[in-house]
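Trainee: I have a structure I would like to understand better, so I am pasting it below and will then ask my questions one at a time.
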Amino acid sequence: MTHKAGPNKGKPALNDDGTPKIGYLEKHCPNLKKRDHGSWYYSIELPPGPGGKRQTAKKGGFRTQKEAADACKEAWDLAQGGIQVNSKETVEEYLRRWFAKRVDLKRSTRKGYEDHIERVFIPALGHLKMRDLRTRHIQEMFKRIWADNNTRQANREAAQQALTAERAAHTAWRQSTTRPRPPELRQNWKTAQTALREARDKPRHITGPGTQLKMNNTLSAALEDAVSEKLISENWAKTVILPKYVRPKPLVWTDERVARWRATGKKPGKVMVWTPEQTGTFLDAVAEHRLYPMFHLMIFRGLRRGEVAGLPWGETNLTNGTVHISEQLVASSYEVWEDTPKSDSGARTISLDSQTHELLGLWQQRQQTEREEWNRAYEEWQRQRQHHPAEERDGKAQKHKEPWQETGLVFTWDDGRAYHPEYLSQAFERLIKRLGLPPVRFHDLRHCAATLSLAAGIHMKKIQALLGHSSYSLTADTYTSVLPQFEKAEADAPVALVPRAGKPQTTDTGEAPGAEGDEPERPEAPSDVPGEMAA
């Protein structure tokens with residue numbers, strides 16, 4: 001047991017010569033025999049450090065001798081296993097050092113890691129020394145996230161209530177038949193608007209199970225390297241318990257789901273897919289839209305948003321009717337950059353269907369015409385600028401003050417600029433809202449391609465290659481259901497195999513086969529049972 005020199009009932013402990021004692025009193029402490037006085041320390045000699053330098057480990061503050069002995073044994077065992085028990089590196093210092101060396105990460109992944117480290121891990125764990133970090137600390141961090149989620153959920157509900165109240169107040173003011181309108185109605189509306197702004201100012205973003213899993217995976221990757229460096233003995237993130245995350249699977253917009261959505265405004269799932277009829281309605285409605293060839297390409301050939309936005313003509317072979325996916329445009333907030341595909345399997349060559357092939361050929365001609373017209377307008381603007389530098393030119397001329405941008409991309413604005421991926425999502429969302437179609441995300445067009453291909457009888461392995469998935473199981477687990485009409489055929493197929501007395505099998509016309517009074521014949525097993533296509 002050790003005791004630090006210090007106040008003793010307001011008086012310092014003194015040496016025999018009357019000078020204050022400095023350091024540890026240890027067994028000379030005058031209060032040593034008091035039961036609740038002092039604390040236990042341990043001190044052990046560790047294996048020699050670099051160059052044979054002597055190393056010791058010393059730690060105190062333990063209430064009992066047993067606690068100190070247990071901690072001493074743990075430190076000794078860790079040291080014998082090569083763990084740096086004397087390291088003073090904090091979690092904050094280590095995470096930043098680890099992140100700095102991860103030059104192998106894709107840019108988008110680095111952004112995600114940096115956000116987790118700076119916004120979540122360092123505020124919650126950064127003060128701890130790496131040697132003291134344990135699972136309980138990480139678990140406590142997630143408990144605080146869950147508590148914060150409850151607060152944010154309440155903020156969401158309050159914001160929704162405030163929106164309802166604001167709309168009701170606005171409707172009451174607008175529909176008032178009294179002229180002039182009663183001032184209290186306008187005041188009520190203004191009050192409701194203020195309440196809505198205040199409600200929306202409060203944080204409402206919830207950290208869901210998927211994001212929590214990503215966070216823990218980031219921390220686990222960092223701690224795995226710390227284990228390799230002998231900073232810690234175990235990867236403490238591996239034993240953290242989190243809410244179960246289930247990857248959302250695409251749901252088809254059946255008539256019943258559409259009716260429910262129209263009545264409540266709620267989507268039945270995060271990932272929704274149109275039926276063939278709904279897909280056809282959309283394509284017919286946007287056939288004259290500038291982005292129609294892009295929509296057609298995504299719906300039938302399953303490209304990702306970034307892949308279609310970053311598709312270059314150099315990887316588009318209109319002679320053979322193929323596109324090779326070798327790069328994509330990635331967006332994070334206002335930043336956009338070129339990157340390689342999401343995974344190694346994302347780099348793939350896709351054969352175009354005949355309609356998409358034709359559309360891309362027509363689009364190439366249109367883009368070339370736009371390029372020529374733009375550059376002619378730019379040259380005219382340059383001439384006007386030289387001859388009349390001081391004159392104010394109209395807005396149309398000002399629009400062409402830069403030449404057509406040679407991005408080499410398939411899909412561009414009329415001046416050659418690339419589309420921002422987020423703009424594409426927003427434009428698509430506005431389109432389907434205007435058309436009154438059940439909502440799907442821009443990315444969900446890719447799921448339409450998979451579902452339509454599966455329903456058309458294409459094998460799951462081919463669909464995996466089409467989508468650029470990294471594993472067969474990912475594709476199979478995601479697209480376990482097909483369109484309703486095909487599920488009905490699958491359900492009826494086994495029933496058709498079993499003959500039943502008094503219930504003759506019907507033909508496609510609904511009439512019983514054979515003459516009246518004939519015994520119903522045993523039906524032959526169909527040669528192509530729906531459902532076996534994806535086996």
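Letters for chains follow the order of the structure tokens (A, B, ...), residue numbers begin at 1 for each chain, and ligand numbers begin at 1 in the order shown.
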Tell me which protein, DNA and RNA residues are within 10 Å of Tyr378 (chain A), counting only C-alpha atoms, leaving out same-chain ones fewer than 3 positions away, and put them as an NGL selection string.
Mentor: :A and (372-375 or 381-384 or 397-404)
Trainee: Go ahead and write the selection's residues with N, CA, C and O atoms as a short mmCIF file (atom, residue, chain, number, x, y, z; two decimals), in the first residue's frame.
Mentor:
```cif
data_model
loop_
_atom_site.label_atom_id
_atom_site.label_comp_id
_atom_site.auth_asym_id
_atom_site.auth_seq_id
_atom_site.Cartn_x
_atom_site.Cartn_y
_atom_site.Cartn_z
N GLU A 372 -22.03 21.57 -81.76
CA GLU A 372 -21.77 22.47 -82.89
C GLU A 372 -22.52 23.80 -82.73
O GLU A 372 -21.95 24.87 -82.95
N GLU A 373 -23.79 23.72 -82.31
CA GLU A 373 -24.57 24.94 -82.13
C GLU A 373 -24.01 25.79 -81.01
O GLU A 373 -23.96 27.02 -81.11
N TRP A 374 -23.58 25.15 -79.95
CA TRP A 374 -23.03 25.90 -78.81
C TRP A 374 -21.74 26.61 -79.22
O TRP A 374 -21.54 27.79 -78.89
N ASN A 375 -20.86 25.91 -79.91
CA ASN A 375 -19.58 26.52 -80.29
C ASN A 375 -19.77 27.63 -81.32
O ASN A 375 -19.02 28.61 -81.32
N TRP A 381 -20.30 35.16 -79.94
CA TRP A 381 -20.13 35.99 -78.73
C TRP A 381 -18.73 36.59 -78.70
O TRP A 381 -18.56 37.76 -78.34
N GLN A 382 -17.75 35.80 -79.12
CA GLN A 382 -16.37 36.29 -79.14
C GLN A 382 -16.22 37.45 -80.14
O GLN A 382 -15.55 38.45 -79.85
N ARG A 383 -16.86 37.31 -81.32
CA ARG A 383 -16.78 38.37 -82.32
C ARG A 383 -17.45 39.65 -81.82
O ARG A 383 -16.91 40.76 -81.98
N GLN A 384 -18.61 39.51 -81.21
CA GLN A 384 -19.30 40.69 -80.68
C GLN A 384 -18.46 41.36 -79.59
O GLN A 384 -18.42 42.59 -79.50
N ALA A 397 -26.74 35.63 -75.25
CA ALA A 397 -25.34 35.69 -75.70
C ALA A 397 -24.40 35.42 -74.54
O ALA A 397 -23.38 34.75 -74.69
N GLN A 398 -24.73 35.98 -73.37
CA GLN A 398 -23.88 35.77 -72.20
C GLN A 398 -23.79 34.29 -71.83
O GLN A 398 -22.78 33.83 -71.30
N LYS A 399 -24.85 33.56 -72.12
CA LYS A 399 -24.88 32.13 -71.80
C LYS A 399 -23.76 31.37 -72.51
O LYS A 399 -23.26 30.36 -72.01
N HIS A 400 -23.35 31.85 -73.68
CA HIS A 400 -22.35 31.15 -74.49
C HIS A 400 -20.97 31.80 -74.39
O HIS A 400 -20.19 31.76 -75.35
N LYS A 401 -20.64 32.37 -73.26
CA LYS A 401 -19.35 33.03 -73.13
C LYS A 401 -18.20 32.06 -72.87
O LYS A 401 -17.05 32.46 -72.76
N GLU A 402 -18.52 30.76 -72.72
CA GLU A 402 -17.51 29.71 -72.59
C GLU A 402 -17.74 28.68 -73.69
O GLU A 402 -18.88 28.43 -74.07
N PRO A 403 -16.68 28.07 -74.21
CA PRO A 403 -16.88 27.04 -75.25
C PRO A 403 -17.49 25.78 -74.65
O PRO A 403 -17.52 25.60 -73.44
N TRP A 404 -17.99 24.94 -75.53
CA TRP A 404 -18.57 23.66 -75.12
C TRP A 404 -17.51 22.85 -74.38
O TRP A 404 -16.36 22.74 -74.82
#
```
Trainee: Go through region 126-155 of chain A and collect every residue that DSSP, computed from the backbone, puts in alpha helix (DSSP H); the answer should be as a list in words.
Mentor: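 So the alpha helix (DSSP H) residues in region 126-155 of chain A would be Thr135, Arg136, His137, Ile138, Gln139, Glu140, Met141, Phe142, Lys143, Arg144, Ile145, Trp146, Ala147, Asp148, Asn149, Asn150, Thr151, Arg152, Gln153, Ala154 and Asn155 of chain A.
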Trainee: If we count only C-alpha atoms and set the cut-off at 10 Å, which residues sit around region 208-217 of chain A, ignoring sequence neighbours fewer than 2 positions away in its own chain? Please answer as a ChimeraX atom specification.
Mentor: /A:112-113,115-117,120-121,138,142,145-146,149,205-206,219-223,237-238,240-247
Trainee: To one decimal in Å, tell me the separation between CA of Gly416 (chain A) and CA of Val308 (chain A).
Mentor: 15.3 Å
Trainee: List the spatial neighbours of Arg152 (chain A) as number ranges by chain - criterion: any atom at most 9 Å away, only C-alpha atoms, same-chain residues fewer than 5 positions off excluded.
Mentor: A: 147, 157, 202-206
Trainee: For Asp353 (chain A), which of A:Gln365, A:Ser333, A:Thr322, A:Thr207 is the closest residue, counting only C-alpha atoms?
Mentor: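 Looking only at the distances to Asp353 (chain A), the closest residue turns out to be A:Thr322.
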Trainee: Env of Thr349 (chain A): 9 Å cut, atoms = only C-alpha atoms, seq-sep filter 3 positions within chain, self excluded. Answer as a PyMOL selection string.
Mentor: chain A and resi 322-326+465-466
Trainee: Mind pulling up the distance from CA of Thr151 (chain A) to CA of Ala199 (chain A)?
Mentor: 12.5 Å
Trainee: One decimal, in Å: what's the spacing between CA of Gly280 (chain A) and CA of Pro438 (chain A)?
Mentor: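 Computing it gives 13.2 Å between the two atoms.
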Trainee: Out of A:Thr178, A:Asn317, A:Ser39, A:Ser425, which residue has the shortest atom-to-atom distance to Gly60 (chain A) when counting only C-alpha atoms?
Mentor: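 Selected residue with least distance to Gly60 (chain A): A:Ser39.
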Trainee: Based on the backbone DSSP call, show me all residues of region 271-317 of chain A assigned strand (DSSP E or B), as a ChimeraX atom specification.
Mentor: /A:272-273,312,316-317
Trainee: Name the closest residue to Lys462 (chain A) among the candidates A:Ala489, A:Val410, A:Leu163, A:Ile350; distances are taken between atoms, counting only C-alpha atoms.
Mentor: A:Ile350
